[in-house]
$ cat input-v8.txt   # compact mmCIF, C-alpha atoms
# COMPACT_ATOMS: atom_id res chain seq x y z
CA MET A 167 0.00 0.00 0.00
CA ILE A 168 2.77 2.41 0.89
CA ARG A 169 4.53 1.75 -2.40
CA ILE A 170 1.40 2.51 -4.40
CA LYS A 171 0.84 5.80 -2.47
CA VAL A 172 4.37 6.99 -3.19
CA MET A 173 3.95 6.31 -6.87
CA ARG A 174 0.75 8.33 -6.99
CA ILE A 175 2.37 11.34 -5.26
CA SER A 176 5.37 11.19 -7.61
CA GLY A 177 3.12 11.06 -10.64
CA PHE A 178 1.10 14.00 -9.37
CA MET A 179 4.24 16.09 -8.76
CA TYR A 180 5.58 15.21 -12.19
CA TYR A 181 2.47 16.43 -13.95
CA LEU A 182 2.29 19.50 -11.71
CA ILE A 183 5.87 20.51 -12.57
CA VAL A 184 5.22 19.96 -16.29
CA ILE A 185 2.10 22.12 -16.15
CA VAL A 186 3.92 24.90 -14.25
CA LEU A 187 6.79 24.86 -16.70
CA LEU A 188 4.48 24.95 -19.71
CA ALA A 189 2.48 27.79 -18.18
CA ALA A 190 5.65 29.72 -17.49
CA ILE A 191 6.90 29.19 -21.03
CA VAL A 192 3.60 30.35 -22.52
CA PHE A 193 3.44 33.37 -20.19
CA LEU A 194 7.00 34.53 -20.79
CA SER A 195 6.75 33.96 -24.54
CA TRP A 196 3.58 36.01 -24.70
CA ARG A 197 5.15 38.85 -22.69
CA LEU A 198 8.25 38.81 -24.88
CA LEU A 199 6.42 38.79 -28.22
CA SER A 200 3.82 41.34 -27.11
CA GLY A 201 6.50 43.92 -26.34
CA ASN A 202 5.24 44.24 -22.78
CA PRO A 203 8.02 42.84 -20.61
CA VAL A 204 7.97 42.86 -16.83
CA GLN A 205 9.20 46.22 -15.49
CA PHE A 206 11.07 47.13 -12.32
CA ASN A 207 9.01 48.78 -9.61
CA SER A 208 11.59 51.49 -8.97
CA ALA A 209 14.85 52.98 -10.17
CA GLN A 210 16.49 51.79 -6.99
CA GLU A 211 15.54 48.19 -7.78
CA TYR A 212 17.12 48.63 -11.21
CA GLU A 213 20.33 49.95 -9.72
CA GLU A 214 20.51 46.92 -7.43
CA MET A 215 20.57 44.49 -10.34
CA PRO A 216 23.81 42.55 -10.91
CA GLU A 217 26.49 44.47 -12.77
CA ASP A 218 26.51 41.92 -15.59
CA TYR A 219 23.00 42.93 -16.52
CA HIS A 220 23.97 46.55 -17.05
CA ALA A 221 26.89 45.44 -19.21
CA VAL A 222 24.64 44.35 -22.10
CA ASN A 223 26.23 45.98 -25.12
CA PRO A 224 23.94 48.83 -26.30
CA VAL A 225 25.05 48.34 -29.90
CA TYR A 226 23.48 44.87 -29.95
CA LYS A 227 20.32 46.12 -28.25
CA SER A 228 19.99 48.79 -30.93
CA MET A 229 20.54 46.30 -33.76
CA LEU A 230 18.06 43.79 -32.37
CA GLY A 231 15.53 46.46 -31.53
CA GLY A 232 15.12 47.30 -35.19
CA GLY A 233 13.55 43.92 -35.89
CA PHE A 234 12.27 42.83 -32.49
CA ALA A 235 10.17 45.44 -30.72
CA ALA A 236 9.95 43.35 -27.58
CA ILE A 237 13.72 43.25 -27.26
CA ALA A 238 13.94 46.99 -27.72
CA ALA A 239 11.53 47.45 -24.82
CA VAL A 240 13.26 45.07 -22.40
CA ASP A 241 14.50 46.77 -19.27
CA GLY A 242 14.52 43.74 -17.00
CA GLY A 243 12.00 41.68 -15.05
CA SER A 244 11.22 40.33 -11.65
CA GLY A 245 12.73 37.06 -10.69
CA ASN A 246 10.58 33.91 -10.78
CA LEU A 247 10.91 30.14 -10.58
CA PHE A 248 11.32 29.64 -14.28
CA THR A 249 13.99 32.28 -14.77
CA GLY A 250 15.86 30.89 -11.78
CA LEU A 251 15.83 27.40 -13.27
CA TRP A 252 16.87 28.78 -16.64
CA ASN A 253 19.81 30.64 -15.14
CA MET A 254 20.98 27.62 -13.17
CA ILE A 255 20.84 25.32 -16.21
CA THR A 256 22.22 27.64 -18.89
CA ARG A 257 24.03 30.24 -16.82
CA ARG A 258 22.28 32.85 -18.97
CA ASP A 259 19.98 35.70 -18.03
CA LEU A 260 16.62 35.46 -19.75
CA ARG A 261 16.26 39.23 -19.45
CA ASP A 262 19.35 39.71 -21.61
CA PRO A 263 18.29 39.82 -25.30
CA LYS A 264 21.63 38.27 -26.23
CA SER A 265 20.68 35.14 -24.28
CA ILE A 266 17.66 34.67 -26.50
CA MET A 267 19.32 35.45 -29.80
CA SER A 268 22.79 34.00 -29.26
CA TYR A 269 21.66 30.45 -30.02
CA PRO A 270 20.89 31.16 -33.72
CA MET A 271 23.48 33.95 -33.78
CA PRO A 272 26.37 32.89 -31.51
CA TYR A 273 28.56 35.81 -32.56
CA LEU A 274 26.38 38.02 -30.36
CA ASP A 275 28.18 36.54 -27.40
CA TYR A 276 31.26 38.48 -28.49
CA ALA A 277 31.10 42.01 -27.11
CA PRO A 278 34.51 43.72 -27.07
CA ASP A 279 35.09 46.28 -24.36
CA LEU A 280 34.65 49.76 -25.73
CA PRO A 281 35.63 52.92 -23.88
CA ASP A 282 32.66 54.61 -22.26
CA ASN A 283 33.60 57.91 -23.86
CA SER A 284 34.22 56.61 -27.38
CA MET A 285 31.32 58.49 -28.92
CA GLY A 286 32.01 61.64 -26.95
CA GLU A 287 35.64 61.60 -27.99
CA ALA A 288 34.66 61.29 -31.63
CA VAL A 289 32.37 64.29 -31.36
CA GLU A 290 35.10 66.27 -29.68
CA VAL A 291 37.57 65.45 -32.43
CA VAL A 292 35.11 66.58 -35.11
CA SER A 293 34.33 69.82 -33.25
CA ASN A 294 38.02 70.57 -33.01
CA LEU A 295 38.51 70.57 -36.76
CA PRO A 296 37.16 73.93 -37.67
CA GLY A 297 39.66 74.85 -40.39
CA ARG A 298 40.17 73.13 -43.74
CA SER A 299 37.98 70.18 -42.77
CA SER A 300 34.89 69.78 -44.95
CA ILE A 301 33.55 70.19 -48.46
CA ASP A 302 31.43 73.16 -49.52
CA ARG A 303 28.93 72.24 -52.18
CA ASN A 304 26.26 74.04 -54.14
CA ASP A 305 22.57 73.13 -53.93
CA ASP A 306 22.95 70.25 -56.38
CA PRO A 307 25.31 67.64 -54.87
CA ALA A 308 25.38 65.73 -58.15
CA ASP A 309 26.89 68.66 -60.02
CA PHE A 310 30.53 68.00 -59.17
CA ASN A 311 31.77 70.58 -61.66
CA HIS A 312 30.45 73.30 -59.39
CA ILE A 313 31.77 72.10 -56.07
CA ASP A 314 33.04 75.20 -54.34
CA SER A 315 36.00 73.77 -52.50
CA ASP A 316 37.56 70.44 -51.82
CA GLU A 317 38.84 71.06 -48.31
CA ASP A 318 39.04 67.59 -46.84
CA SER A 319 42.49 66.96 -45.38
CA PHE A 320 42.70 63.59 -47.13
CA TYR A 321 42.72 65.19 -50.58
CA GLU A 322 46.39 65.85 -51.15
CA VAL A 323 47.72 66.89 -54.52
CA SER A 324 48.69 64.23 -57.03
CA ASP A 325 52.26 63.12 -57.68
CA GLU A 326 52.12 64.87 -61.05
CA ILE A 327 51.28 68.17 -59.35
CA LYS A 328 54.08 67.66 -56.82
CA ILE A 329 56.55 67.35 -59.69
CA GLN A 330 55.24 70.58 -61.22
CA ILE A 331 55.55 72.35 -57.86
CA GLU A 332 59.25 71.51 -57.73
CA GLN A 333 59.71 73.08 -61.16
CA ILE A 334 58.15 76.47 -60.34
CA GLN A 335 60.64 79.30 -60.76
CA VAL A 336 60.17 82.49 -58.72
CA ASP A 337 61.98 85.70 -59.63
CA SER A 338 62.89 88.50 -57.28
CA LYS A 339 60.91 91.18 -59.10
CA PRO A 340 58.27 93.00 -57.03
CA ILE A 341 54.61 92.55 -57.94
CA GLU A 342 53.28 95.58 -59.79
CA LEU A 343 49.82 96.81 -58.80
CA THR A 344 48.79 99.66 -61.11
CA GLY A 345 46.00 102.19 -61.25
CA THR A 346 44.06 104.07 -58.58
CA GLY A 347 41.61 102.85 -55.99
CA PRO A 348 41.82 99.84 -53.64
CA LYS A 349 44.23 97.25 -54.97
CA ILE A 350 44.15 94.57 -52.27
CA LEU A 351 40.96 92.88 -51.06
CA ILE A 352 41.02 91.18 -47.67
CA TYR A 353 38.06 88.93 -46.94
CA HIS A 354 37.10 85.84 -44.93
CA SER A 355 35.36 82.73 -46.25
CA HIS A 356 35.21 81.33 -42.70
CA THR A 357 34.31 84.48 -40.86
CA ARG A 358 33.61 82.88 -37.47
CA GLU A 359 36.96 81.11 -36.99
CA ALA A 360 38.26 82.06 -33.53
CA TYR A 361 41.35 81.35 -31.47
CA ARG A 362 42.42 79.73 -28.23
CA GLN A 363 40.82 81.36 -25.22
CA ASP A 364 42.95 84.06 -23.63
CA PRO A 365 42.18 84.78 -19.94
CA ARG A 366 43.07 88.42 -20.60
CA ASN A 367 40.58 88.70 -23.46
CA PRO A 368 37.99 85.89 -23.27
CA TYR A 369 35.22 85.48 -25.81
CA LYS A 370 31.94 83.61 -26.09
CA GLU A 371 32.15 80.55 -28.31
CA ALA A 372 29.34 79.76 -30.70
CA SER A 373 26.86 77.18 -29.46
CA ALA A 374 28.30 73.65 -29.72
CA GLU A 375 31.20 74.86 -31.88
CA ALA A 376 34.67 74.97 -30.40
CA PHE A 377 36.96 77.78 -31.56
CA ARG A 378 34.17 79.63 -33.37
CA SER A 379 32.40 82.80 -32.36
CA ASP A 380 29.65 85.10 -33.56
CA ASP A 381 31.58 88.03 -32.08
CA MET A 382 33.66 89.26 -35.01
CA ASN A 383 35.93 91.19 -32.65
CA HIS A 384 37.37 87.83 -31.60
CA THR A 385 37.61 86.02 -34.94
CA VAL A 386 39.75 86.19 -38.05
CA VAL A 387 37.79 89.30 -39.02
CA ARG A 388 39.67 91.17 -36.30
CA VAL A 389 42.97 89.83 -37.67
CA GLY A 390 41.98 91.02 -41.14
CA GLU A 391 41.24 94.44 -39.73
CA VAL A 392 44.69 94.65 -38.14
CA LEU A 393 46.29 93.52 -41.39
CA ALA A 394 44.37 96.16 -43.35
CA GLN A 395 45.43 98.88 -40.90
CA HIS A 396 49.11 98.01 -41.19
CA LEU A 397 48.99 97.77 -44.99
CA THR A 398 47.23 101.13 -45.19
CA SER A 399 49.85 102.69 -42.91
CA ARG A 400 52.46 101.49 -45.41
CA GLY A 401 50.78 103.31 -48.27
CA LEU A 402 48.84 100.41 -49.83
CA ALA A 403 45.20 100.90 -50.84
CA VAL A 404 43.21 98.14 -49.14
CA LEU A 405 39.56 97.13 -48.99
CA HIS A 406 38.56 94.91 -46.05
CA ASP A 407 35.27 93.07 -46.57
CA LYS A 408 33.75 91.83 -43.30
CA THR A 409 30.77 89.97 -44.78
CA ASN A 410 29.81 86.99 -42.64
CA HIS A 411 29.87 84.06 -45.06
CA GLU A 412 28.94 81.62 -42.29
CA ALA A 413 25.74 83.37 -41.22
CA SER A 414 23.64 80.36 -42.20
CA GLY A 415 26.26 77.68 -41.52
CA TYR A 416 29.70 76.45 -42.46
CA ASN A 417 28.78 74.67 -45.69
CA ALA A 418 28.71 76.70 -48.90
CA SER A 419 30.80 79.43 -47.29
CA TYR A 420 33.06 79.50 -50.35
CA SER A 421 30.05 79.91 -52.65
CA LYS A 422 29.02 82.92 -50.61
CA SER A 423 32.50 84.43 -50.46
CA LEU A 424 32.80 83.99 -54.24
CA LYS A 425 29.68 86.13 -54.67
CA THR A 426 31.30 88.74 -52.44
CA LEU A 427 34.46 88.62 -54.58
CA GLU A 428 32.50 89.04 -57.79
CA LYS A 429 30.54 91.92 -56.31
CA ARG A 430 33.64 93.73 -55.11
CA MET A 431 35.47 93.16 -58.39
CA THR A 432 32.55 94.74 -60.20
CA GLU A 433 32.51 97.71 -57.82
CA TYR A 434 36.29 98.19 -57.82
CA GLU A 435 38.04 97.27 -61.03
CA SER A 436 41.28 98.37 -59.41
CA LEU A 437 41.40 95.24 -57.18
CA GLN A 438 44.35 93.07 -58.21
CA MET A 439 45.25 90.99 -55.15
CA PHE A 440 42.90 88.85 -53.06
CA ILE A 441 43.75 87.53 -49.60
CA ASP A 442 41.40 85.17 -47.77
CA ILE A 443 42.38 85.26 -44.09
CA HIS A 444 41.74 82.09 -42.04
CA ARG A 445 43.11 80.44 -38.95
CA ASN A 446 44.38 76.87 -38.98
CA GLY A 447 42.87 74.10 -36.88
CA TYR A 448 44.30 71.02 -35.12
CA ASP A 449 42.67 68.21 -33.18
CA LYS A 450 44.13 66.58 -30.08
CA LYS A 451 45.63 63.75 -32.13
CA SER A 452 47.92 66.15 -33.99
CA GLY A 453 50.31 66.28 -31.04
CA LYS A 454 50.75 70.01 -31.58
CA THR A 455 51.21 72.35 -28.63
CA PRO A 456 50.74 76.13 -28.36
CA ASP A 457 54.52 76.56 -28.32
CA ASP A 458 54.79 74.74 -31.65
CA GLU A 459 52.59 77.33 -33.30
CA VAL A 460 54.47 80.48 -32.35
CA VAL A 461 57.86 82.12 -32.82
CA ILE A 462 59.37 84.71 -30.51
CA ILE A 463 59.93 88.11 -32.13
CA ASN A 464 61.11 91.06 -30.07
CA GLY A 465 60.32 89.10 -26.92
CA GLU A 466 56.69 88.45 -27.93
CA ARG A 467 54.84 85.32 -28.98
CA VAL A 468 53.79 85.59 -32.63
CA ALA A 469 51.50 83.10 -34.37
CA LYS A 470 52.96 81.26 -37.35
CA LEU A 471 51.71 81.89 -40.88
CA LEU A 472 50.81 79.43 -43.62
CA VAL A 473 49.90 80.21 -47.23
CA VAL A 474 47.55 77.68 -48.89
CA ILE A 475 47.29 77.23 -52.65
CA GLY A 476 44.50 75.28 -54.33
CA THR A 477 45.34 73.47 -57.54
CA GLY A 478 41.72 72.95 -58.57
CA GLU A 479 42.09 69.22 -59.11
CA GLY A 480 39.05 68.74 -56.92
CA ILE A 481 37.12 65.49 -56.89
CA MET A 482 35.14 63.71 -59.61
CA GLY A 483 36.95 65.55 -62.38
CA GLY A 484 37.72 68.79 -60.61
CA PHE A 485 36.19 72.24 -60.96
CA LYS A 486 34.58 73.78 -63.98
CA ASP A 487 36.62 76.98 -63.59
CA LYS A 488 40.10 76.04 -62.46
CA PRO A 489 42.66 78.46 -61.04
CA LYS A 490 45.96 79.23 -62.70
CA TRP A 491 47.51 77.81 -59.59
CA LYS A 492 51.13 78.08 -60.67
CA GLU A 493 50.83 81.85 -60.85
CA ASN A 494 49.19 81.97 -57.45
CA ALA A 495 51.95 79.68 -56.20
CA LYS A 496 54.58 82.18 -57.31
CA LEU A 497 52.95 84.84 -55.14
CA ALA A 498 52.70 82.37 -52.23
CA ILE A 499 56.35 81.33 -52.51
CA LYS A 500 57.56 84.91 -52.89
CA LEU A 501 55.57 86.01 -49.83
CA THR A 502 56.66 83.01 -47.74
CA ASN A 503 60.32 83.58 -48.62
CA LYS A 504 60.08 87.28 -47.73
CA ILE A 505 58.42 86.55 -44.38
CA ASN A 506 61.15 84.09 -43.40
CA GLU A 507 63.83 86.42 -44.69
CA LEU A 508 62.57 89.10 -42.31
CA TYR A 509 61.59 86.80 -39.44
CA PRO A 510 63.02 83.28 -39.76
CA GLY A 511 60.54 80.52 -38.96
CA LEU A 512 57.47 82.74 -38.92
CA ALA A 513 56.06 81.20 -42.12
CA LYS A 514 55.61 77.50 -42.78
CA ASP A 515 56.18 76.04 -46.24
CA VAL A 516 53.46 76.75 -48.81
CA TYR A 517 50.73 74.16 -48.49
CA TYR A 518 49.14 72.79 -51.68
CA LYS A 519 45.66 71.22 -51.72
CA THR A 520 43.31 69.93 -54.40
CA GLY A 521 40.71 72.57 -53.57
CA ARG A 522 40.18 75.81 -55.40
CA TYR A 523 39.48 78.29 -52.59
CA ASN A 524 38.12 80.86 -55.06
CA GLN A 525 41.64 81.36 -56.39
CA HIS A 526 40.39 81.13 -59.96
CA VAL A 527 39.35 84.80 -59.78
CA SER A 528 42.93 86.04 -60.13
CA THR A 529 46.57 85.01 -60.54
CA ASN A 530 47.22 86.96 -57.33
CA ALA A 531 44.80 85.12 -55.06
CA ILE A 532 45.97 83.33 -51.91
CA LEU A 533 44.63 81.91 -48.67
CA VAL A 534 46.62 82.75 -45.54
CA GLU A 535 46.27 80.87 -42.26
CA VAL A 536 47.15 83.32 -39.49
CA GLY A 537 47.77 81.22 -36.39
CA SER A 538 45.63 78.28 -35.32
CA ASN A 539 43.25 77.17 -32.61
CA LEU A 540 46.35 76.69 -30.46
CA THR A 541 47.27 80.38 -30.62
CA THR A 542 45.53 83.38 -29.13
CA LEU A 543 43.99 86.34 -30.90
CA ALA A 544 46.77 88.59 -29.59
CA GLU A 545 49.41 86.30 -31.10
CA ALA A 546 47.54 86.33 -34.42
CA GLU A 547 47.27 90.13 -34.40
CA ARG A 548 51.04 90.39 -33.97
CA ALA A 549 51.49 88.03 -36.93
CA ALA A 550 49.24 90.28 -39.04
CA LYS A 551 51.63 93.15 -38.43
CA TYR A 552 54.62 91.21 -39.76
CA LEU A 553 52.56 89.78 -42.63
CA ALA A 554 51.75 93.34 -43.71
CA GLU A 555 55.43 94.24 -43.62
CA ALA A 556 56.31 91.32 -45.90
CA ILE A 557 53.45 92.05 -48.33
CA SER A 558 54.51 95.68 -48.61
CA GLN A 559 58.05 94.63 -49.54
CA ILE A 560 57.04 92.35 -52.42
CA ILE A 561 54.70 94.93 -53.99
CA GLU A 562 55.87 97.80 -56.15
$ encode --input "input-v8.txt" --output "structure tokens"
Amino acid sequence: MIRIKVMRISGFMYYLIVIVLLAAIVFLSWRLLSGNPVQFNSAQEYEEMPEDYHAVNPVYKSMLGGGFAAIAAVDGGSGNLFTGLWNMITRRDLRDPKSIMSYPMPYLDYAPDLPDNSMGEAVEVVSNLPGRSSIDRNDDPADFNHIDSDEDSFYEVSDEIKIQIEQIQVDSKPIELTGTGPKILIYHSHTREAYRQDPRNPYKEASAEAFRSDDMNHTVVRVGEVLAQHLTSRGLAVLHDKTNHEASGYNASYSKSLKTLEKRMTEYESLQMFIDIHRNGYDKKSGKTPDDEVVIINGERVAKLLVVIGTGEGIMGGFKDKPKWKENAKLAIKLTNKINELYPGLAKDVYYKTGRYNQHVSTNAILVEVGSNLTTLAEAERAAKYLAEAISQIIE
């Protein structure tokens, strides 16, 4: 009799466990597929979950969430008998979407450790590249013949162009600017480029844009003003255009500055030299320091200068109207040599890029980087003074 009773209790327990397990499976499957998972009762309860739960790679959650709404909604669930059994048997957490998907897709188990600030660091790097770092295009991105400038730092000149650069011959004759009226136009394609903060003269940076400001008294416009003043004091007729070509954003700034050039050239036929004043930009990976970007002249820190010449090679066949870059290069080389003759080390070597930088408007058109985001406005203003001295000595 006892033996029969034991058998009946065992059979009853067996069926009871099977029913409970089946009910649990049906319940959890329904909750998972319905996108209505069990939620924590409080934020504190969430914080008390094991650390491994919080370590679920968010990249995988995002990928899975695109096709499985329930997985995208999972934030955890209360413990129960079934999940406990599951964890003991498989050593996996049912609340972790990877546990569900890793059987058909085992590679999901691989989640390399990524730095917590990886995305933030990337954003910071991008924001610290305010200089020659993007491509200005017109309204039709398919019309590559009208791309304004090819500024991306990866677009270096071709080997053929490098050979031609080595063959450029520069004479010592001064540049002749004839006629009456303003002869030199100073302008700024990137009007809002600003410098390293100076505690003695701080400025307000533009929203979410490092080393850029809407206050033109602290940008390259101020440097252009100082340059114009020193050139004028040396007897040169100068027109300084302060038009903000970044009023509606960084892109297409060269299209806008080209319109300014064309307008000014129509108003003043006497204009024969065109100088686009910028400031250079470096990210943290460059390894540059503020001391690398200055020279000491008369006991003062002076920002280094860099003349940029665009060859017009561009991308996808280049530009419709290409510059006579070799002629512009002669001016750049002559000016660079004169600067270093007067103040050794103040000017870096001429930098050649595949862009155009509106230098097709004249054979005396250059882009000058006065300092960088590692130098202060005061250091750039001092450089403008010495730049004016060199320009005055190469012009007749």
$ atom_distance --input "input-v8.txt" --atom1 "atom CA of A:Asn503" --atom2 "atom CA of A:Gly465"
22.4 Å
$ atom_distance --input "input-v8.txt" --atom1 "atom CA of A:Ile341" --atom2 "atom CA of A:Thr477"
21.2 Å
$ atom_distance --input "input-v8.txt" --atom1 "atom CA of A:Lys429" --atom2 "atom CA of A:Tyr523"
16.7 Å
$ closest_residue --input "input-v8.txt" --among "A:Ser558, A:Val474, A:Leu540, A:Lys490" --to "A:Gly453" --atoms "all atoms listed in the file"
A:Leu540
$ closest_residue --input "input-v8.txt" --among "A:Val386, A:Ile352, A:Ile329, A:Leu187" --to "A:Asn539" --atoms "all atoms listed in the file"
A:Val386
$ closest_atom_pairs --input "input-v8.txt" --of "stretch 449-547 of chain A" --to "stretch 361-370 of chain A" --cutoff "12 Å" --atoms "all atoms listed in the file" --output "Markdown table"
| residue | atom | partner | partner_atom | distance |
| --- | --- | --- | --- | --- |
| A:Thr455 | CA | A:Arg362 | CA | 11.5 |
| A:Pro456 | CA | A:Arg362 | CA | 9.1 |
| A:Glu459 | CA | A:Arg362 | CA | 11.6 |
| A:Ala469 | CA | A:Tyr361 | CA | 10.7 |
| A:Glu535 | CA | A:Tyr361 | CA | 11.9 |
| A:Val536 | CA | A:Tyr361 | CA | 10.1 |
| A:Gly537 | CA | A:Tyr361 | CA | 8.1 |
| A:Ser538 | CA | A:Tyr361 | CA | 6.5 |
| A:Asn539 | CA | A:Tyr361 | CA | 4.7 |
| A:Leu540 | CA | A:Arg362 | CA | 5.4 |
| A:Thr541 | CA | A:Arg362 | CA | 5.4 |
| A:Thr542 | CA | A:Arg362 | CA | 4.9 |
| A:Leu543 | CA | A:Tyr361 | CA | 5.7 |
| A:Ala544 | CA | A:Asp364 | CA | 8.4 |
| A:Glu545 | CA | A:Tyr361 | CA | 9.5 |
| A:Ala546 | CA | A:Tyr361 | CA | 8.5 |
| A:Glu547 | CA | A:Tyr361 | CA | 11.0 |
$ residues_around --input "input-v8.txt" --residues "A:Pro340" --least-positions-apart "2" --cutoff "6 Å" --atoms "all atoms listed in the file" --output "JSON, numbers by chain"
{"A": [560, 561, 562]}
$ write_last_selection --input "input-v8.txt" --atoms "C-alpha atoms" --output "tab-separated table (two decimals), in the frame of the given file"
chain	number	residue	atom	x	y	z
A	560	ILE	CA	57.04	92.35	-52.42
A	561	ILE	CA	54.70	94.93	-53.99
A	562	GLU	CA	55.87	97.80	-56.15
$ closest_residue --input "input-v8.txt" --among "A:Lys496, A:Trp491, A:Ala394, A:Ala376" --to "A:Asp449" --atoms "all atoms listed in the file"
A:Ala376
